[in-house]
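Okay, input.tsv is below, TSV, C-alpha atoms:
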chain	number	residue	atom	x	y	z
A	1	MET	CA	-8.27	-23.73	65.74
A	2	ALA	CA	-9.53	-27.06	64.43
A	3	GLU	CA	-12.77	-26.52	66.33
A	4	LEU	CA	-13.16	-23.05	64.80
A	5	GLY	CA	-12.51	-24.50	61.36
A	6	PHE	CA	-15.27	-27.04	61.91
A	7	VAL	CA	-17.73	-24.34	62.92
A	8	ALA	CA	-16.76	-22.12	60.00
A	9	SER	CA	-17.12	-24.93	57.44
A	10	GLY	CA	-20.48	-25.99	58.83
A	11	GLY	CA	-21.71	-22.41	58.81
A	12	ARG	CA	-20.51	-21.95	55.22
A	13	VAL	CA	-22.64	-24.88	54.02
A	14	LEU	CA	-25.71	-23.57	55.79
A	15	GLY	CA	-25.00	-20.09	54.47
A	16	LEU	CA	-25.02	-21.33	50.88
A	17	ARG	CA	-28.32	-23.08	51.53
A	18	GLY	CA	-29.74	-19.87	52.90
A	19	ALA	CA	-28.57	-17.91	49.86
A	20	GLY	CA	-30.20	-20.45	47.55
A	21	LEU	CA	-33.44	-20.14	49.46
A	22	SER	CA	-33.33	-16.36	49.08
A	23	VAL	CA	-33.07	-16.68	45.29
A	24	SER	CA	-35.93	-19.19	45.07
A	25	VAL	CA	-38.19	-17.01	47.18
A	26	CYS	CA	-37.53	-14.02	44.93
A	27	LYS	CA	-38.70	-15.92	41.85
A	28	ARG	CA	-42.04	-17.00	43.24
A	29	ARG	CA	-45.38	-15.27	42.85
A	30	VAL	CA	-48.38	-15.72	45.11
A	31	GLN	CA	-51.91	-16.06	43.81
A	32	TYR	CA	-54.74	-15.14	46.09
A	33	VAL	CA	-58.53	-15.30	45.92
A	34	LYS	CA	-60.90	-12.85	47.57
A	35	THR	CA	-64.07	-14.53	48.82
A	36	ILE	CA	-67.28	-12.52	48.88
A	37	ARG	CA	-70.05	-13.85	51.05
A	38	MET	CA	-73.45	-12.40	50.37
A	39	ALA	CA	-76.46	-12.57	52.64
A	40	ALA	CA	-79.09	-15.13	51.70
A	41	GLU	CA	-81.83	-12.51	51.71
A	42	ASP	CA	-80.06	-10.67	48.91
A	43	GLY	CA	-80.26	-13.78	46.78
A	44	GLY	CA	-76.51	-14.15	46.49
A	45	ASP	CA	-74.36	-17.25	46.52
A	46	ALA	CA	-72.99	-17.64	50.05
A	47	ASN	CA	-69.85	-19.28	48.67
A	48	ALA	CA	-69.25	-17.01	45.70
A	49	SER	CA	-65.65	-16.08	44.99
A	50	ILE	CA	-63.90	-13.93	42.43
A	51	GLU	CA	-60.31	-13.98	41.28
A	52	THR	CA	-58.59	-10.68	41.98
A	53	GLY	CA	-55.45	-11.54	40.07
A	54	SER	CA	-51.83	-11.88	40.98
A	55	SER	CA	-50.38	-10.30	44.05
A	56	PRO	CA	-47.26	-8.16	43.70
A	57	ASP	CA	-43.98	-9.98	43.15
A	58	LEU	CA	-42.41	-11.15	46.37
A	59	VAL	CA	-39.64	-8.88	47.56
A	60	ALA	CA	-36.41	-10.84	48.03
A	61	PRO	CA	-35.47	-11.51	51.67
A	62	PRO	CA	-32.41	-9.96	53.30
A	63	THR	CA	-29.07	-11.73	53.31
A	64	SER	CA	-29.35	-14.96	55.27
A	65	HIS	CA	-28.29	-15.06	58.90
A	66	GLN	CA	-25.98	-17.94	58.03
A	67	MET	CA	-24.07	-15.78	55.56
A	68	ASN	CA	-23.80	-12.92	58.05
A	69	ALA	CA	-22.54	-15.23	60.79
A	70	VAL	CA	-19.97	-16.92	58.56
A	71	LYS	CA	-18.69	-13.52	57.40
A	72	ASP	CA	-18.24	-12.29	60.99
A	73	LEU	CA	-16.54	-15.53	62.01
A	74	ALA	CA	-14.24	-15.52	58.98
A	75	ILE	CA	-13.12	-11.94	59.69
A	76	ALA	CA	-12.36	-12.69	63.34
A	77	VAL	CA	-10.49	-15.91	62.54
A	78	GLY	CA	-8.60	-14.20	59.72
A	79	VAL	CA	-7.48	-11.29	61.90
A	80	PHE	CA	-6.48	-13.63	64.72
A	81	GLY	CA	-4.52	-15.96	62.46
A	82	THR	CA	-2.80	-13.14	60.58
A	83	LEU	CA	-1.64	-11.40	63.72
A	84	LYS	CA	-0.67	-14.60	65.52
A	85	VAL	CA	1.47	-15.82	62.64
A	86	GLY	CA	2.72	-12.43	61.50
A	87	LEU	CA	4.16	-11.20	64.79
A	88	GLY	CA	6.92	-13.84	64.80
A	89	PRO	CA	8.71	-12.78	61.58
A	90	LEU	CA	8.48	-9.18	62.74
A	91	GLY	CA	10.27	-10.02	65.96
A	92	LEU	CA	7.19	-9.17	68.00
A	93	SER	CA	6.32	-12.66	69.23
A	94	LYS	CA	6.43	-11.43	72.83
A	95	PHE	CA	3.25	-9.51	72.07
A	96	SER	CA	1.39	-12.57	70.77
A	97	ALA	CA	-0.54	-12.87	74.03
A	98	VAL	CA	-2.19	-9.56	73.21
A	99	VAL	CA	-3.82	-11.26	70.22
A	100	ASN	CA	-5.42	-14.03	72.28
A	101	PRO	CA	-8.63	-12.06	73.07
A	102	ILE	CA	-9.35	-11.95	69.34
A	103	GLY	CA	-9.14	-15.75	69.29
A	104	PHE	CA	-11.52	-15.97	72.23
A	105	TYR	CA	-13.90	-13.63	70.42
A	106	ALA	CA	-13.78	-15.79	67.30
A	107	ALA	CA	-14.56	-18.84	69.44
A	108	TRP	CA	-17.53	-17.02	70.96
A	109	LEU	CA	-18.88	-16.14	67.50
A	110	GLY	CA	-18.77	-19.83	66.66
A	111	LEU	CA	-20.65	-20.72	69.84
A	112	ALA	CA	-23.28	-18.03	69.19
A	113	PHE	CA	-23.91	-19.56	65.77
A	114	LEU	CA	-24.17	-23.17	67.01
A	115	PRO	CA	-27.94	-23.01	67.82
A	116	PHE	CA	-28.59	-22.39	64.13
A	117	VAL	CA	-26.28	-25.17	62.99
A	118	PHE	CA	-28.31	-27.79	64.83
A	119	ASN	CA	-31.71	-26.18	64.15
A	120	ASN	CA	-31.71	-24.04	61.04
A	121	ASP	CA	-35.48	-23.41	61.12
A	122	ARG	CA	-36.27	-21.79	64.47
A	123	ARG	CA	-39.43	-20.17	63.13
A	124	VAL	CA	-42.27	-20.24	65.66
A	125	ASP	CA	-45.83	-21.15	64.67
A	126	ILE	CA	-47.39	-18.18	66.46
A	127	SER	CA	-50.99	-19.26	65.90
A	128	SER	CA	-50.49	-22.51	67.84
A	129	MET	CA	-48.12	-21.18	70.52
A	130	GLU	CA	-49.45	-21.90	74.01
A	131	THR	CA	-46.76	-20.56	76.34
A	132	ARG	CA	-43.90	-18.09	76.19
A	133	ILE	CA	-41.35	-16.67	78.60
A	134	SER	CA	-42.44	-13.15	79.43
A	135	THR	CA	-39.02	-11.88	80.49
A	136	ASN	CA	-37.15	-12.35	77.20
A	137	THR	CA	-39.85	-12.36	74.51
A	138	ASP	CA	-42.47	-10.03	73.05
A	139	LEU	CA	-45.66	-10.87	71.19
A	140	VAL	CA	-48.02	-8.67	69.20
A	141	ALA	CA	-50.88	-10.43	67.40
A	142	PRO	CA	-54.49	-10.09	66.22
A	143	GLU	CA	-57.35	-10.39	68.71
A	144	SER	CA	-58.02	-13.96	67.57
A	145	PHE	CA	-54.67	-15.14	68.97
A	146	THR	CA	-55.91	-15.96	72.45
A	147	SER	CA	-54.33	-19.37	73.16
A	148	CYS	CA	-50.94	-18.11	74.31
A	149	SER	CA	-50.04	-17.45	77.95
A	150	PRO	CA	-49.03	-14.75	78.69
A	151	PRO	CA	-51.28	-13.23	75.98
A	152	PRO	CA	-50.04	-10.79	73.33
A	153	ARG	CA	-48.82	-7.49	74.75
A	154	MET	CA	-51.11	-5.60	72.39
A	155	THR	CA	-53.38	-6.14	69.40
A	156	ALA	CA	-51.74	-5.83	66.01
A	157	LYS	CA	-52.72	-2.97	63.75
A	158	VAL	CA	-54.83	-3.54	60.63
A	159	PHE	CA	-53.15	-2.29	57.45
A	160	ASP	CA	-54.91	-1.04	54.33
A	161	CYS	CA	-53.19	-3.46	51.95
A	162	SER	CA	-53.12	-7.14	51.08
A	163	PRO	CA	-51.09	-9.64	53.18
A	164	VAL	CA	-48.53	-9.97	50.37
A	165	GLU	CA	-48.14	-6.21	50.08
A	166	LEU	CA	-47.66	-6.00	53.85
A	167	ARG	CA	-45.07	-8.77	53.62
A	168	ASN	CA	-43.19	-6.81	50.97
A	169	LYS	CA	-43.21	-3.66	53.10
A	170	PHE	CA	-41.92	-5.68	56.04
A	171	PHE	CA	-39.11	-7.29	54.04
A	172	THR	CA	-38.05	-3.92	52.64
A	173	MET	CA	-37.99	-2.48	56.15
A	174	VAL	CA	-36.01	-5.41	57.60
A	175	LYS	CA	-33.29	-4.97	54.97
A	176	SER	CA	-32.49	-1.58	56.51
A	177	GLN	CA	-32.13	-2.98	60.03
A	178	PRO	CA	-28.59	-3.48	61.36
A	179	SER	CA	-27.19	-6.96	62.00
A	180	THR	CA	-30.37	-8.62	60.70
A	181	GLY	CA	-30.53	-11.71	58.50
A	182	TYR	CA	-33.15	-13.99	56.98
A	183	LEU	CA	-33.52	-17.42	58.58
A	184	SER	CA	-36.41	-19.35	57.02
A	185	GLY	CA	-39.85	-18.92	55.54
A	186	ASP	CA	-43.09	-20.43	54.24
A	187	ASP	CA	-44.48	-18.51	51.27
A	188	ASP	CA	-47.74	-20.48	51.23
A	189	ASN	CA	-48.62	-19.30	54.75
A	190	LEU	CA	-46.64	-16.03	54.57
A	191	ALA	CA	-44.75	-17.03	57.74
A	192	TYR	CA	-41.07	-16.13	58.14
A	193	ALA	CA	-38.22	-15.89	60.63
A	194	PHE	CA	-35.34	-13.46	60.93
A	195	VAL	CA	-32.35	-13.14	63.27
A	196	GLN	CA	-31.05	-9.88	64.66
A	197	THR	CA	-27.84	-9.86	66.68
A	198	THR	CA	-26.29	-7.34	69.03
A	199	PRO	CA	-23.54	-5.26	67.38
A	200	ILE	CA	-20.45	-6.66	69.12
A	201	MET	CA	-21.17	-9.85	71.04
A	202	LYS	CA	-23.66	-11.05	68.41
A	203	TYR	CA	-26.26	-12.35	70.87
A	204	PRO	CA	-29.03	-13.62	68.56
A	205	ASP	CA	-32.76	-12.92	68.80
A	206	VAL	CA	-35.21	-14.74	66.51
A	207	ILE	CA	-38.16	-12.78	65.14
A	208	SER	CA	-41.05	-14.86	63.76
A	209	VAL	CA	-43.76	-13.09	61.78
A	210	GLN	CA	-46.86	-14.14	59.87
A	211	PHE	CA	-48.98	-11.94	57.59
A	212	LEU	CA	-52.74	-12.52	57.71
A	213	PRO	CA	-55.85	-11.32	55.86
A	214	SER	CA	-58.17	-9.06	57.82
A	215	GLY	CA	-61.10	-8.75	55.43
A	216	GLN	CA	-62.09	-6.07	52.90
A	217	GLY	CA	-58.68	-6.12	51.24
A	218	GLN	CA	-56.88	-5.37	54.50
A	219	SER	CA	-54.28	-7.33	56.42
A	220	THR	CA	-52.60	-7.67	59.78
A	221	LEU	CA	-49.71	-9.63	61.26
A	222	ALA	CA	-48.50	-11.60	64.24
A	223	ILE	CA	-44.93	-10.98	65.35
A	224	PHE	CA	-42.98	-12.80	68.05
A	225	SER	CA	-39.47	-11.74	69.08
A	226	ALA	CA	-37.47	-14.01	71.38
A	227	SER	CA	-33.92	-14.08	72.74
A	228	ILE	CA	-31.91	-17.28	72.37
A	229	PHE	CA	-29.64	-16.66	75.35
A	230	GLY	CA	-30.44	-15.31	78.81
A	231	GLN	CA	-33.51	-15.03	80.99
A	232	SER	CA	-33.99	-11.27	80.64
A	233	ASP	CA	-33.71	-9.13	77.53
A	234	LEU	CA	-33.84	-5.75	79.36
A	235	GLY	CA	-36.77	-4.76	77.15
A	236	LYS	CA	-34.88	-5.27	73.88
A	237	ASN	CA	-37.52	-7.47	72.20
A	238	LYS	CA	-40.36	-5.07	73.03
A	239	ALA	CA	-38.33	-2.12	71.76
A	240	ARG	CA	-37.54	-3.97	68.54
A	241	VAL	CA	-41.14	-4.97	67.85
A	242	ASP	CA	-42.38	-1.43	68.50
A	243	ASP	CA	-39.66	0.03	66.28
A	244	TRP	CA	-40.29	-2.35	63.39
A	245	LEU	CA	-44.06	-1.89	63.53
A	246	SER	CA	-43.70	1.91	63.57
A	247	LYS	CA	-41.69	1.71	60.37
A	248	LEU	CA	-44.59	-0.03	58.58
A	249	ASP	CA	-46.92	2.98	58.99

Starting from the file, give its structure as structure tokens.
Amino acid sequence: MAELGFVASGGRVLGLRGAGLSVSVCKRRVQYVKTIRMAAEDGGDANASIETGSSPDLVAPPTSHQMNAVKDLAIAVGVFGTLKVGLGPLGLSKFSAVVNPIGFYAAWLGLAFLPFVFNNDRRVDISSMETRISTNTDLVAPESFTSCSPPPRMTAKVFDCSPVELRNKFFTMVKSQPSTGYLSGDDDNLAYAFVQTTPIMKYPDVISVQFLPSGQGQSTLAIFSASIFGQSDLGKNKARVDDWLSKLD
């Protein structure tokens, strides 16, 4: 139990940091400049730019993964401790062994959270990624993302909105996804990471996404979904990416 207490306390600290980050992100606004390049034969300034004003307010991210993990761990530990201690006064101590699987489950939740204790920012820089494991990851990106091997599974769609507006749509969509929490982000580059876990065993997958301009007021994105544990995801990352992208239409 001491080990579980250590994990829970460490997760609680990181969870508070994640919640603070969520608040700070919500308060920020992003300014963007649209550059118009005109052909020399038209007599225009090749480097002319105009200010198009403020982008929409940034939608707040979902609850942090740290908070979700600490909540799950606290519930499991609480149930285990209550039953383990409470059976004795009720004269049911002979059934205490039945409670042990709950303790093992709580220990597993702590182990599943450990990768994020030692490395809180597991966001992947998709634009500079050179290799990926094809059996437990999925990548969808613009045509310009050609350095990765294996290459993206398909070319990302172009959306008729600004990168910040696309980011807001994505964040709103992610909030409705089960067992999904916010991990980290970079507002300047519109690059973020989320964690989605399986319903019971809480196996974590990290989803990195970056929102990019595509010219003429349009935007696109690069999204990379990767499993933390195991060598095969049984198609889960591909299914997730396809599902999330379909919800942006």

**Prompt:** Which distance in Å separates CA of Lys84 in chain A and CA of Phe104 in chain A, to one decimal?
**Reply:** 12.8 Å

**Prompt:** Between A:Phe194, A:Ile200, A:Asn189, A:Gln66, which one has atoms that come closest to Ala106 in chain A, using all atoms listed in the file?
**Reply:**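 The closest residue to Ala106 in chain A is A:Ile200.
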
Can I get the residues of range 66-142 of chain A within 7 Å of range 154-176 of chain A, each with the closest pair of atoms and their distance in Å to one decimal, using all atoms listed in the file, sorted chain first then ascending number, as JSON lines?
{"residue": "A:Val140", "atom": "CA", "partner": "A:Met154", "partner_atom": "CA", "distance": 5.4}
{"residue": "A:Ala141", "atom": "CA", "partner": "A:Ala156", "partner_atom": "CA", "distance": 4.9}
{"residue": "A:Pro142", "atom": "CA", "partner": "A:Ala156", "partner_atom": "CA", "distance": 5.1}

**Message:** Nearest residue to Pro61 in chain A out of A:Ser184, A:Ser232, A:Asn237, A:Ser246, using only C-alpha atoms?
**Reply:** A:Ser184

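The spacing separating CA of Pro204 in chain A from CA of Ala107 in chain A amounts to 15.4 Å.
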
**Fill in**
Using only C-alpha atoms, the residue out of A:Gln196, A:Ala112, A:Leu90, A:Ala222 with shortest distance to Pro152 in chain A is A:Ala222

**Request:** Provide the CA of Gly181 in chain A to CA of Ser214 in chain A distance in Å, to one decimal place.
**Result:**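 We find that CA of Gly181 in chain A and CA of Ser214 in chain A lie 27.8 Å from each other.
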
**Request:** Would you mind listing what lies within 8 Å of range 72-81 of chain A as a list of chain:residue names, with all atoms listed in the file counted and same-chain residues fewer than 2 positions away left out?
**Result:** A:Leu4, A:Ala8, A:Asn68, A:Ala69, A:Val70, A:Leu83, A:Lys84, A:Val85, A:Val99, A:Asn100, A:Ile102, A:Gly103, A:Tyr105, A:Ala106, A:Leu109, A:Gly110
